[in-house]
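Next comes coords.cif, with mmCIF, C-alpha atoms and all ligand atoms.
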```
data_structure
loop_
_atom_site.label_atom_id
_atom_site.label_comp_id
_atom_site.auth_asym_id
_atom_site.auth_seq_id
_atom_site.Cartn_x
_atom_site.Cartn_y
_atom_site.Cartn_z
CA MET A 1 107.47 -93.24 -17.91
CA ASN A 2 110.00 -94.41 -20.47
CA GLY A 3 112.97 -92.29 -19.45
CA THR A 4 114.99 -91.32 -22.44
CA LYS A 5 113.83 -93.89 -24.98
CA PHE A 6 114.10 -92.44 -28.49
CA VAL A 7 111.42 -93.13 -31.09
CA HIS A 8 112.26 -92.62 -34.77
CA ILE A 9 109.45 -90.90 -36.64
CA VAL A 10 108.62 -91.58 -40.29
CA ASP A 11 106.07 -89.11 -41.62
CA THR A 12 104.06 -90.49 -44.52
CA THR A 13 101.72 -87.54 -45.23
CA LEU A 14 103.28 -87.27 -48.68
CA ARG A 15 102.96 -91.00 -49.44
CA ASP A 16 100.04 -92.64 -47.58
CA GLY A 17 98.33 -89.21 -47.73
CA SER A 18 98.53 -89.49 -51.50
CA HIS A 19 95.69 -92.05 -51.34
CA ALA A 20 93.48 -89.52 -49.53
CA VAL A 21 93.94 -86.88 -52.24
CA ALA A 22 93.60 -89.37 -55.11
CA HIS A 23 97.36 -88.92 -55.81
CA GLN A 24 96.90 -85.26 -56.80
CA PHE A 25 99.55 -83.52 -54.67
CA THR A 26 101.01 -80.47 -56.43
CA ARG A 27 104.64 -79.31 -56.38
CA GLU A 28 103.75 -76.37 -54.13
CA GLN A 29 101.95 -78.62 -51.65
CA ILE A 30 104.84 -81.07 -51.56
CA LYS A 31 107.34 -78.28 -50.95
CA ALA A 32 105.26 -76.72 -48.19
CA ILE A 33 104.65 -80.03 -46.39
CA ALA A 34 108.16 -81.45 -46.79
CA GLY A 35 109.74 -78.12 -45.77
CA GLY A 36 107.51 -77.94 -42.68
CA LEU A 37 108.21 -81.53 -41.65
CA ASP A 38 111.94 -81.00 -42.08
CA ALA A 39 111.92 -77.80 -40.02
CA ALA A 40 109.92 -79.57 -37.30
CA GLY A 41 112.68 -82.20 -37.00
CA VAL A 42 111.01 -85.25 -38.59
CA GLU A 43 113.74 -87.82 -39.28
CA TYR A 44 112.25 -89.62 -42.33
CA ILE A 45 109.92 -87.97 -44.84
CA GLU A 46 108.28 -90.46 -47.18
CA VAL A 47 107.32 -89.13 -50.61
CA SER A 48 105.84 -91.34 -53.33
CA HIS A 49 102.63 -92.23 -55.08
CA GLY A 50 100.41 -93.93 -52.46
CA ASP A 51 101.33 -97.30 -53.98
CA GLY A 52 104.99 -96.48 -54.23
CA LEU A 53 107.40 -95.70 -57.05
CA ALA A 54 105.76 -96.17 -60.47
CA GLY A 55 102.39 -96.58 -58.73
CA SER A 56 100.75 -94.04 -61.05
CA SER A 57 98.60 -96.29 -63.26
CA TYR A 58 95.05 -97.14 -64.27
CA ASN A 59 94.81 -99.81 -61.53
CA TYR A 60 96.07 -97.67 -58.63
CA GLY A 61 95.12 -94.19 -59.82
CA TRP A 62 96.98 -91.68 -61.98
CA ALA A 63 99.09 -89.14 -60.13
CA ALA A 64 99.25 -85.43 -60.95
CA LEU A 65 103.06 -85.51 -60.86
CA SER A 66 105.70 -88.04 -61.88
CA ASP A 67 107.90 -89.67 -59.22
CA GLU A 68 110.75 -87.45 -60.38
CA GLU A 69 108.70 -84.26 -60.02
CA MET A 70 107.48 -85.23 -56.55
CA LEU A 71 110.90 -86.23 -55.24
CA LYS A 72 112.68 -83.22 -56.72
CA ALA A 73 110.12 -80.86 -55.16
CA ALA A 74 110.67 -82.45 -51.73
CA ALA A 75 114.47 -82.64 -52.10
CA GLU A 76 114.62 -78.91 -52.88
CA VAL A 77 113.39 -78.03 -49.40
CA ILE A 78 114.67 -80.88 -47.21
CA LYS A 79 117.82 -79.90 -45.31
CA LYS A 80 118.19 -82.58 -42.65
CA ALA A 81 115.53 -85.28 -42.92
CA LYS A 82 116.04 -88.45 -44.94
CA LEU A 83 113.94 -88.41 -48.08
CA THR A 84 112.32 -91.84 -48.19
CA VAL A 85 110.45 -93.71 -50.92
CA LEU A 86 108.13 -96.69 -50.96
CA LEU A 87 108.63 -99.52 -53.44
CA LEU A 88 106.36 -102.49 -54.09
CA PRO A 89 108.22 -105.29 -55.91
CA GLY A 90 106.41 -105.94 -59.17
CA ILE A 91 105.48 -102.27 -59.51
CA GLY A 92 108.68 -100.32 -58.80
CA THR A 93 111.87 -101.42 -60.56
CA ARG A 94 115.63 -100.97 -60.28
CA GLU A 95 115.37 -98.02 -62.72
CA ASP A 96 112.78 -96.34 -60.48
CA LEU A 97 115.02 -96.79 -57.48
CA LYS A 98 118.03 -95.37 -59.38
CA LEU A 99 115.96 -92.36 -60.34
CA ALA A 100 114.81 -91.90 -56.74
CA ILE A 101 118.44 -91.85 -55.58
CA GLU A 102 119.33 -89.31 -58.27
CA CYS A 103 116.49 -87.19 -56.89
CA GLY A 104 117.88 -87.40 -53.34
CA ALA A 105 116.28 -90.49 -51.74
CA LYS A 106 118.24 -91.83 -48.78
CA ALA A 107 115.94 -94.66 -47.68
CA VAL A 108 113.47 -97.07 -49.24
CA ARG A 109 110.65 -99.05 -47.72
CA VAL A 110 110.18 -102.27 -49.67
CA ALA A 111 106.61 -103.38 -49.04
CA THR A 112 105.11 -106.81 -49.60
CA HIS A 113 101.99 -108.60 -48.46
CA VAL A 114 102.69 -110.14 -45.06
CA THR A 115 103.17 -113.64 -46.49
CA GLU A 116 105.27 -112.62 -49.49
CA ALA A 117 108.54 -111.21 -48.14
CA ASP A 118 110.46 -113.52 -50.51
CA ILE A 119 109.61 -111.32 -53.50
CA ALA A 120 111.66 -108.50 -51.92
CA GLU A 121 115.05 -110.23 -51.85
CA GLN A 122 116.42 -108.57 -54.99
CA HIS A 123 114.95 -105.18 -54.18
CA ILE A 124 116.37 -105.05 -50.66
CA GLY A 125 119.72 -106.32 -51.99
CA MET A 126 119.91 -103.70 -54.70
CA ALA A 127 118.82 -100.91 -52.32
CA LYS A 128 121.68 -101.82 -49.99
CA LYS A 129 124.16 -101.97 -52.88
CA MET A 130 122.99 -98.53 -53.98
CA GLY A 131 123.73 -97.18 -50.47
CA LEU A 132 120.17 -96.74 -49.24
CA GLU A 133 118.78 -97.52 -45.81
CA ALA A 134 116.34 -100.37 -46.46
CA PHE A 135 113.15 -101.10 -44.57
CA GLY A 136 111.23 -104.35 -45.04
CA PHE A 137 107.54 -103.45 -44.72
CA LEU A 138 105.01 -106.24 -44.11
CA MET A 139 101.53 -105.16 -45.19
CA MET A 140 98.15 -106.47 -43.96
CA ALA A 141 99.85 -107.97 -40.90
CA HIS A 142 96.50 -108.68 -39.21
CA THR A 143 95.90 -111.51 -41.71
CA ALA A 144 98.83 -113.61 -40.43
CA PRO A 145 99.51 -115.06 -36.97
CA PRO A 146 102.57 -113.83 -35.06
CA GLU A 147 104.69 -116.90 -36.00
CA LYS A 148 104.13 -116.22 -39.70
CA VAL A 149 104.96 -112.53 -39.28
CA VAL A 150 108.20 -113.54 -37.52
CA GLU A 151 109.09 -115.99 -40.32
CA GLN A 152 108.62 -113.25 -42.92
CA ALA A 153 110.48 -110.63 -40.87
CA LEU A 154 113.44 -113.01 -40.62
CA LEU A 155 113.44 -113.31 -44.41
CA PHE A 156 113.66 -109.52 -44.75
CA GLU A 157 116.47 -109.48 -42.22
CA SER A 158 118.35 -112.21 -44.10
CA TYR A 159 118.12 -110.11 -47.31
CA GLY A 160 119.86 -107.23 -45.50
CA ALA A 161 116.96 -105.05 -44.36
CA ASP A 162 118.10 -102.50 -41.78
CA TYR A 163 114.66 -102.26 -40.20
CA ILE A 164 111.46 -104.29 -40.21
CA TYR A 165 108.04 -102.69 -40.27
CA ILE A 166 104.73 -104.25 -39.36
CA ALA A 167 101.84 -102.52 -41.09
CA ASP A 168 98.24 -102.63 -39.94
CA SER A 169 97.17 -101.75 -43.48
CA ALA A 170 93.51 -102.42 -42.80
CA GLY A 171 93.45 -100.65 -39.44
CA ALA A 172 91.97 -103.88 -38.15
CA MET A 173 94.18 -104.65 -35.17
CA LEU A 174 93.43 -104.24 -31.49
CA PRO A 175 96.34 -103.25 -29.19
CA GLU A 176 96.71 -106.90 -28.13
CA ASP A 177 97.09 -107.95 -31.81
CA VAL A 178 99.80 -105.32 -32.27
CA LYS A 179 101.65 -106.39 -29.15
CA ALA A 180 101.54 -110.05 -30.16
CA ARG A 181 103.02 -109.41 -33.62
CA VAL A 182 105.48 -106.63 -32.80
CA GLY A 183 106.62 -108.41 -29.61
CA ALA A 184 107.20 -111.70 -31.43
CA VAL A 185 109.23 -109.99 -34.16
CA VAL A 186 111.27 -107.88 -31.71
CA GLU A 187 112.18 -111.06 -29.86
CA LYS A 188 113.50 -112.82 -32.98
CA VAL A 189 115.15 -110.19 -35.20
CA LYS A 190 118.28 -108.21 -34.41
CA VAL A 191 117.30 -105.07 -36.35
CA PRO A 192 115.00 -102.31 -35.06
CA VAL A 193 111.26 -102.79 -35.60
CA GLY A 194 108.63 -100.23 -36.58
CA PHE A 195 104.85 -100.03 -36.73
CA HIS A 196 102.54 -98.39 -39.29
CA ALA A 197 98.98 -97.80 -38.07
CA HIS A 198 95.68 -97.02 -39.75
CA ASN A 199 92.91 -95.39 -37.76
CA ASN A 200 89.89 -97.26 -39.12
CA LEU A 201 88.92 -98.52 -35.67
CA THR A 202 90.07 -95.23 -34.01
CA LEU A 203 92.99 -97.14 -32.46
CA ALA A 204 95.97 -95.77 -34.41
CA THR A 205 97.61 -93.85 -31.56
CA ALA A 206 96.77 -96.51 -28.97
CA ASN A 207 98.22 -99.16 -31.27
CA CYS A 208 101.40 -97.10 -31.69
CA LEU A 209 101.79 -97.06 -27.90
CA ALA A 210 101.17 -100.81 -27.82
CA ALA A 211 103.89 -101.27 -30.45
CA LEU A 212 106.36 -99.27 -28.34
CA GLU A 213 105.47 -101.30 -25.26
CA ALA A 214 106.24 -104.42 -27.29
CA GLY A 215 109.67 -103.07 -28.23
CA ALA A 216 109.19 -101.09 -31.47
CA THR A 217 111.47 -98.08 -31.90
CA PHE A 218 110.10 -96.67 -35.20
CA LEU A 219 106.59 -95.26 -35.72
CA ASP A 220 104.75 -93.86 -38.72
CA GLY A 221 102.44 -90.89 -38.67
CA ALA A 222 100.79 -88.51 -41.11
CA CYS A 223 99.84 -84.92 -40.36
CA ARG A 224 96.11 -84.68 -39.59
CA GLY A 225 96.23 -88.45 -40.18
CA LEU A 226 96.11 -87.89 -43.94
CA GLY A 227 96.23 -91.39 -45.39
CA ALA A 228 94.29 -94.27 -46.89
CA GLY A 229 91.00 -95.30 -45.27
CA ALA A 230 90.48 -93.34 -42.05
CA GLY A 231 94.13 -92.35 -42.31
CA ASN A 232 97.22 -93.02 -40.22
CA ALA A 233 98.25 -92.11 -36.69
CA GLN A 234 98.16 -88.31 -36.62
CA THR A 235 101.83 -87.27 -36.48
CA GLU A 236 101.24 -84.13 -34.44
CA ALA A 237 99.04 -85.99 -31.91
CA LEU A 238 101.54 -88.82 -31.76
CA ILE A 239 104.34 -86.37 -30.94
CA GLY A 240 102.31 -84.89 -28.07
CA VAL A 241 101.30 -88.32 -26.74
CA LEU A 242 104.86 -89.68 -26.95
CA ASP A 243 106.18 -86.63 -25.15
CA LYS A 244 103.63 -87.10 -22.35
CA ALA A 245 104.50 -90.79 -22.15
CA GLY A 246 108.18 -89.93 -21.67
CA TYR A 247 109.57 -90.78 -25.13
CA ARG A 248 111.84 -88.49 -27.15
CA THR A 249 111.36 -88.01 -30.90
CA GLY A 250 113.39 -84.92 -31.79
CA VAL A 251 110.23 -83.44 -33.33
CA ASP A 252 109.10 -79.98 -32.19
CA PHE A 253 105.48 -80.29 -30.99
CA TYR A 254 104.45 -76.72 -31.86
CA LYS A 255 106.07 -76.81 -35.29
CA ILE A 256 104.50 -80.14 -36.27
CA MET A 257 101.08 -78.92 -35.06
CA ASP A 258 101.52 -75.87 -37.28
CA VAL A 259 102.36 -78.02 -40.33
CA ALA A 260 99.20 -80.02 -39.70
CA GLU A 261 96.90 -77.05 -39.17
CA ASP A 262 98.33 -74.43 -41.52
CA VAL A 263 99.66 -76.54 -44.39
CA VAL A 264 97.99 -79.96 -44.51
CA GLU A 265 94.48 -79.18 -43.29
CA PRO A 266 93.74 -76.59 -46.01
CA ILE A 267 94.52 -79.09 -48.78
CA MET A 268 92.46 -81.97 -47.39
CA GLN A 269 89.61 -82.98 -49.67
CA ARG A 270 87.54 -84.22 -46.70
CA PRO A 271 88.10 -84.32 -42.94
CA GLN A 272 90.04 -87.43 -41.95
CA VAL A 273 87.28 -88.58 -39.57
CA VAL A 274 86.27 -92.19 -39.11
CA ARG A 275 83.15 -92.31 -41.25
CA ASN A 276 81.12 -95.51 -41.71
CA ALA A 277 82.98 -96.96 -44.69
CA PRO A 278 86.46 -96.49 -43.18
CA LEU A 279 85.14 -97.96 -39.93
CA MET A 280 83.97 -100.97 -41.94
CA LEU A 281 87.45 -101.29 -43.50
CA GLY A 282 88.83 -101.86 -40.02
CA TYR A 283 85.99 -104.07 -38.90
CA ALA A 284 86.08 -106.28 -42.00
CA GLY A 285 89.90 -106.21 -42.26
CA VAL A 286 90.08 -104.65 -45.74
CA TYR A 287 93.14 -102.87 -47.17
CA SER A 288 92.75 -99.14 -46.43
CA SER A 289 93.80 -98.12 -49.95
CA PHE A 290 90.60 -99.75 -51.27
CA LEU A 291 88.40 -96.99 -49.82
CA LEU A 292 88.19 -94.53 -52.72
CA HIS A 293 87.92 -97.38 -55.25
CA THR A 294 85.03 -98.78 -53.18
CA TYR A 295 83.22 -95.43 -53.03
CA ARG A 296 83.44 -95.20 -56.83
CA ALA A 297 82.17 -98.77 -57.33
CA ALA A 298 79.33 -98.22 -54.83
CA GLU A 299 78.20 -95.14 -56.72
CA LYS A 300 78.42 -96.87 -60.07
CA PHE A 301 76.29 -99.84 -59.00
CA GLY A 302 74.00 -98.07 -56.50
CA LEU A 303 75.35 -100.07 -53.54
CA ASP A 304 76.19 -99.32 -49.91
CA PRO A 305 80.04 -99.16 -49.74
CA ARG A 306 79.88 -101.16 -46.49
CA ASP A 307 78.36 -104.15 -48.29
CA ILE A 308 81.18 -104.14 -50.85
CA LEU A 309 83.78 -103.92 -48.07
CA VAL A 310 82.27 -106.81 -46.13
CA GLU A 311 82.44 -108.91 -49.30
CA LEU A 312 86.05 -107.85 -50.02
CA GLY A 313 86.97 -108.82 -46.45
CA ARG A 314 85.20 -112.17 -46.81
CA LYS A 315 87.09 -112.85 -50.03
CA GLY A 316 90.43 -111.90 -48.40
CA MET A 317 91.37 -109.41 -51.13
CA VAL A 318 94.90 -107.99 -50.84
CA GLY A 319 96.71 -104.92 -52.18
CA GLY A 320 97.11 -105.13 -55.95
CA GLN A 321 93.60 -106.49 -56.43
CA GLU A 322 92.05 -103.03 -56.83
CA ASP A 323 90.59 -104.11 -60.19
CA MET A 324 88.52 -106.78 -58.39
CA ILE A 325 86.53 -104.17 -56.44
CA VAL A 326 84.40 -103.34 -59.47
CA ASP A 327 83.95 -107.05 -60.10
CA VAL A 328 82.76 -107.69 -56.56
CA ALA A 329 80.39 -104.71 -56.76
CA TYR A 330 79.04 -105.93 -60.10
CA GLN A 331 78.38 -109.41 -58.65
CA LEU A 332 76.64 -107.91 -55.60
CA ALA A 333 74.48 -105.69 -57.79
CA LYS A 334 73.52 -108.70 -59.96
CA GLN A 335 72.60 -110.72 -56.87
CA ARG A 336 70.43 -107.84 -55.62
CA GLU A 337 68.66 -107.67 -59.00
CA GLY A 338 68.04 -111.45 -58.86
CA ASN A 339 66.47 -111.12 -55.42
C1 LIG A 401 101.00 -99.60 -50.58
C2 LIG A 401 100.33 -99.39 -49.25
O1 LIG A 401 99.51 -98.27 -49.28
C3 LIG A 401 101.34 -99.42 -48.13
C4 LIG A 401 100.73 -99.03 -46.82
O2 LIG A 401 100.79 -97.88 -46.43
C5 LIG A 401 99.99 -100.01 -46.03
O3 LIG A 401 100.04 -101.20 -46.33
O4 LIG A 401 99.32 -99.58 -45.08
MN MN A 402 99.28 -97.37 -45.00
#
```
How would this structure read if it were set down as structure tokens?
Amino acid sequence: MNGTKFVHIVDTTLRDGSHAVAHQFTREQIKAIAGGLDAAGVEYIEVSHGDGLAGSSYNYGWAALSDEEMLKAAAEVIKKAKLTVLLLPGIGTREDLKLAIECGAKAVRVATHVTEADIAEQHIGMAKKMGLEAFGFLMMAHTAPPEKVVEQALLFESYGADYIYIADSAGAMLPEDVKARVGAVVEKVKVPVGFHAHNNLTLATANCLAALEAGATFLDGACRGLGAGAGNAQTEALIGVLDKAGYRTGVDFYKIMDVAEDVVEPIMQRPQVVRNAPLMLGYAGVYSSFLLHTYRAAEKFGLDPRDILVELGRKGMVGGQEDMIVDVAYQLAKQREGN
């Protein structure tokens, strides 16, 4: 039992979940989900295109709504939670961040590849100057050893980040991998540390517990797990598990289950189960956001999505290289023809 240890919950249904609905959330859906999460007591509600502010594009996928429309819809119904946005340096700009604040954002997660924290210096600095809570979010953390993750986390901290997040973007980590990275970072930084899981290997909730054991105090979830690849840790399940394990979250278990079942489940385009391709994402260590792009490329070239994912993993493709998926599929198809 963990006595009275408090775990801060960031729900990312309306951001990571955007990947799972091909960025087509409507105003009504955003209002219903954000309102439900707020009433359930979720502390941070992340709302953005799946790839962050200004992510709507040919490369990442066009969104049904602009950032402004999404954020305003959420802000209209949020009474207590902190409206949070994601920003990837190189995609989102100062202007996007200013707009997000005008729409009610209180926190930003500045996300970089795990070895590229240095590109976030200006963005974290300007977020702090603008009065936002700033998270440094290290993506694809399984690709770097713990010492490297620590080095990068310290950079975020030196830029003024209030919190550091370690993201298992490919859902590729085992609990021991999570403990090694989260534990090493917790030991070296002074700010609180969080963990963002993907369920590609069915380990999202177990990995969240491993992160807490290693000293994390922030966790991400998404209702029904709605997120890229096989999705994220299921917020409602996480709340139940944390309660049983003796942690407090301030989130009402019944209310969050109702948001998941009555509001999120009806809008899901497919059940967030671990099908073969998402499982292969985790096994091959591929960025979860590549899943839908891979399905499309597989269909176009008559390939098995798993073969494309294995090749993407072998090539070490990272977020931002979505355009290379078609290229890899084309090369594989040509090789097959040759054989
Ligand atoms: C931009 C990514 O989708 C951020 C994220 O959720 C991850 O790396 O995982
Ligand atoms: Mn994610």
Collect all residues with atoms no farther than 6 Å from ligand LIG 401 (chain A), counting only C-alpha atoms and all ligand atoms, and output them as number ranges by chain. A: 16, 50-51, 139, 167, 169, 289
Could you tell me, counting only C-alpha atoms and all ligand atoms, which protein and nucleic acid residues lie no more than 9 Å from ligand MN 402 (chain A), written as a VMD selection string? chain A and resid 12 15 to 17 50 139 167 to 171 196 to 198 227 to 229 231 to 232 287 to 289
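Between atom CA of Tyr165 of chain A and atom CA of Pro305 of chain A lies a distance of 29.8 Å.
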Pick out the closest residue to Thr112 of chain A from this set: A:Ala260, A:Val318, A:Val150, A:Val241. Count all atoms listed in the file.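 When distances to Thr112 of chain A are compared using all atoms listed in the file, the smallest one comes from A:Val318.
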Identify the residues within 12 Å of coordinate (104.2, -105.9, -42.3) (same frame as the file), considering all atoms listed in the file, and give the answer as a ChimeraX atom specification. /A:109-117,135-146,148-154,156,163-170,178,181-182,185,193-197
Choose the residue, out of A:Ala120, A:Leu203, A:Leu87, A:Ile33, that has the smallest atom-to-atom separation from Ala105 of chain A; count only C-alpha atoms. A:Leu87
Taking all atoms of segment 24-36 of chain A that appear in the file, build a box with edges along x, y and z, extend it by 3 Å on every side, and state its centre and edge lengths in Å to one decimal, as lines of an AutoDock Vina configuration file.
```
center_x = 103.3
center_y = -80.8
center_z = -49.7
size_x = 18.8
size_y = 14.9
size_z = 20.1
```
For Asp262 of chain A, the nearest of the candidates A:Lys190, A:Arg224, A:Lys315, A:Lys244, counting all atoms listed in the file: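 Nearest candidate to Asp262 of chain A out of A:Lys190, A:Arg224, A:Lys315, A:Lys244: A:Arg224.
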What is the distance, in Å and to one decimal place, between atom CA of Gln234 of chain A and atom CA of Asn200 of chain A?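 Separation between atom CA of Gln234 of chain A and atom CA of Asn200 of chain A: 12.4 Å.
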What is the atom CA of Leu201 of chain A to atom CA of Ala214 of chain A distance in Å?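 That distance, rounded to one decimal, is 20.1 Å.
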Using only C-alpha atoms for the distances, tell me which of A:Ala34, A:Leu132, A:Val42, A:Ala22 is nearest to Ala63 of chain A.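 The shortest atom-to-atom distance to Ala63 of chain A comes from A:Ala22.
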Env of Leu37 of chain A: 12 Å cut, atoms = all atoms listed in the file, seq-sep filter 2 positions within chain, self excluded. Answer as an mmCIF file with C-alpha atoms, in the frame of the given file.
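What ended up in selection-v6.cif:
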```cif
data_model
loop_
_atom_site.group_PDB
_atom_site.id
_atom_site.type_symbol
_atom_site.label_atom_id
_atom_site.label_comp_id
_atom_site.auth_asym_id
_atom_site.auth_seq_id
_atom_site.Cartn_x
_atom_site.Cartn_y
_atom_site.Cartn_z
ATOM 1 C CA ILE A 9 109.450 -90.900 -36.640
ATOM 2 C CA VAL A 10 108.620 -91.580 -40.290
ATOM 3 C CA ASP A 11 106.070 -89.110 -41.620
ATOM 4 C CA THR A 12 104.060 -90.490 -44.520
ATOM 5 C CA THR A 13 101.720 -87.540 -45.230
ATOM 6 C CA LEU A 14 103.280 -87.270 -48.680
ATOM 7 C CA ILE A 30 104.840 -81.070 -51.560
ATOM 8 C CA LYS A 31 107.340 -78.280 -50.950
ATOM 9 C CA ALA A 32 105.260 -76.720 -48.190
ATOM 10 C CA ILE A 33 104.650 -80.030 -46.390
ATOM 11 C CA ALA A 34 108.160 -81.450 -46.790
ATOM 12 C CA GLY A 35 109.740 -78.120 -45.770
ATOM 13 C CA ALA A 39 111.920 -77.800 -40.020
ATOM 14 C CA ALA A 40 109.920 -79.570 -37.300
ATOM 15 C CA GLY A 41 112.680 -82.200 -37.000
ATOM 16 C CA VAL A 42 111.010 -85.250 -38.590
ATOM 17 C CA GLU A 43 113.740 -87.820 -39.280
ATOM 18 C CA TYR A 44 112.250 -89.620 -42.330
ATOM 19 C CA ILE A 45 109.920 -87.970 -44.840
ATOM 20 C CA GLU A 46 108.280 -90.460 -47.180
ATOM 21 C CA VAL A 47 107.320 -89.130 -50.610
ATOM 22 C CA ALA A 74 110.670 -82.450 -51.730
ATOM 23 C CA VAL A 77 113.390 -78.030 -49.400
ATOM 24 C CA ILE A 78 114.670 -80.880 -47.210
ATOM 25 C CA LYS A 79 117.820 -79.900 -45.310
ATOM 26 C CA LYS A 80 118.190 -82.580 -42.650
ATOM 27 C CA ALA A 81 115.530 -85.280 -42.920
ATOM 28 C CA LYS A 82 116.040 -88.450 -44.940
ATOM 29 C CA LEU A 83 113.940 -88.410 -48.080
ATOM 30 C CA GLY A 221 102.440 -90.890 -38.670
ATOM 31 C CA ALA A 222 100.790 -88.510 -41.110
ATOM 32 C CA CYS A 223 99.840 -84.920 -40.360
ATOM 33 C CA THR A 235 101.830 -87.270 -36.480
ATOM 34 C CA GLU A 236 101.240 -84.130 -34.440
ATOM 35 C CA GLY A 250 113.390 -84.920 -31.790
ATOM 36 C CA VAL A 251 110.230 -83.440 -33.330
ATOM 37 C CA ASP A 252 109.100 -79.980 -32.190
ATOM 38 C CA PHE A 253 105.480 -80.290 -30.990
ATOM 39 C CA TYR A 254 104.450 -76.720 -31.860
ATOM 40 C CA LYS A 255 106.070 -76.810 -35.290
ATOM 41 C CA ILE A 256 104.500 -80.140 -36.270
ATOM 42 C CA MET A 257 101.080 -78.920 -35.060
ATOM 43 C CA ASP A 258 101.520 -75.870 -37.280
ATOM 44 C CA VAL A 259 102.360 -78.020 -40.330
ATOM 45 C CA ALA A 260 99.200 -80.020 -39.700
ATOM 46 C CA VAL A 263 99.660 -76.540 -44.390
ATOM 47 C CA VAL A 264 97.990 -79.960 -44.510
#
```
Quick test: take segment 147-159 of chain A, keep N, CA and C atoms, and write it as a tab-separated table (two decimals), in the first residue's frame.
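Everything below was put into selection-v3.tsv:
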```tsv
chain	number	residue	atom	x	y	z
A	147	GLU	N	20.91	6.75	-19.06
A	147	GLU	CA	21.82	7.91	-18.88
A	147	GLU	C	21.48	9.01	-19.88
A	148	LYS	N	21.14	8.62	-21.09
A	148	LYS	CA	20.79	9.60	-22.12
A	148	LYS	C	19.48	10.31	-21.75
A	149	VAL	N	18.52	9.51	-21.27
A	149	VAL	CA	17.22	10.09	-20.89
A	149	VAL	C	17.44	11.12	-19.77
A	150	VAL	N	18.31	10.78	-18.82
A	150	VAL	CA	18.62	11.70	-17.72
A	150	VAL	C	19.24	12.98	-18.27
A	151	GLU	N	20.21	12.84	-19.16
A	151	GLU	CA	20.89	14.01	-19.75
A	151	GLU	C	19.86	14.95	-20.38
A	152	GLN	N	18.92	14.37	-21.11
A	152	GLN	CA	17.92	15.17	-21.82
A	152	GLN	C	16.90	15.78	-20.85
A	153	ALA	N	16.55	15.02	-19.81
A	153	ALA	CA	15.62	15.54	-18.80
A	153	ALA	C	16.25	16.74	-18.08
A	154	LEU	N	17.55	16.65	-17.82
A	154	LEU	CA	18.24	17.76	-17.16
A	154	LEU	C	18.23	19.01	-18.04
A	155	LEU	N	18.31	18.81	-19.35
A	155	LEU	CA	18.22	19.96	-20.26
A	155	LEU	C	16.86	20.64	-20.11
A	156	PHE	N	15.80	19.82	-20.16
A	156	PHE	CA	14.45	20.39	-19.99
A	156	PHE	C	14.36	21.17	-18.68
A	157	GLU	N	14.89	20.55	-17.63
A	157	GLU	CA	14.82	21.21	-16.32
A	157	GLU	C	15.57	22.55	-16.35
A	158	SER	N	16.73	22.55	-17.02
A	158	SER	CA	17.52	23.80	-17.06
A	158	SER	C	16.81	24.88	-17.87
A	159	TYR	N	15.90	24.50	-18.76
A	159	TYR	CA	15.16	25.50	-19.56
A	159	TYR	C	13.95	26.04	-18.77
```
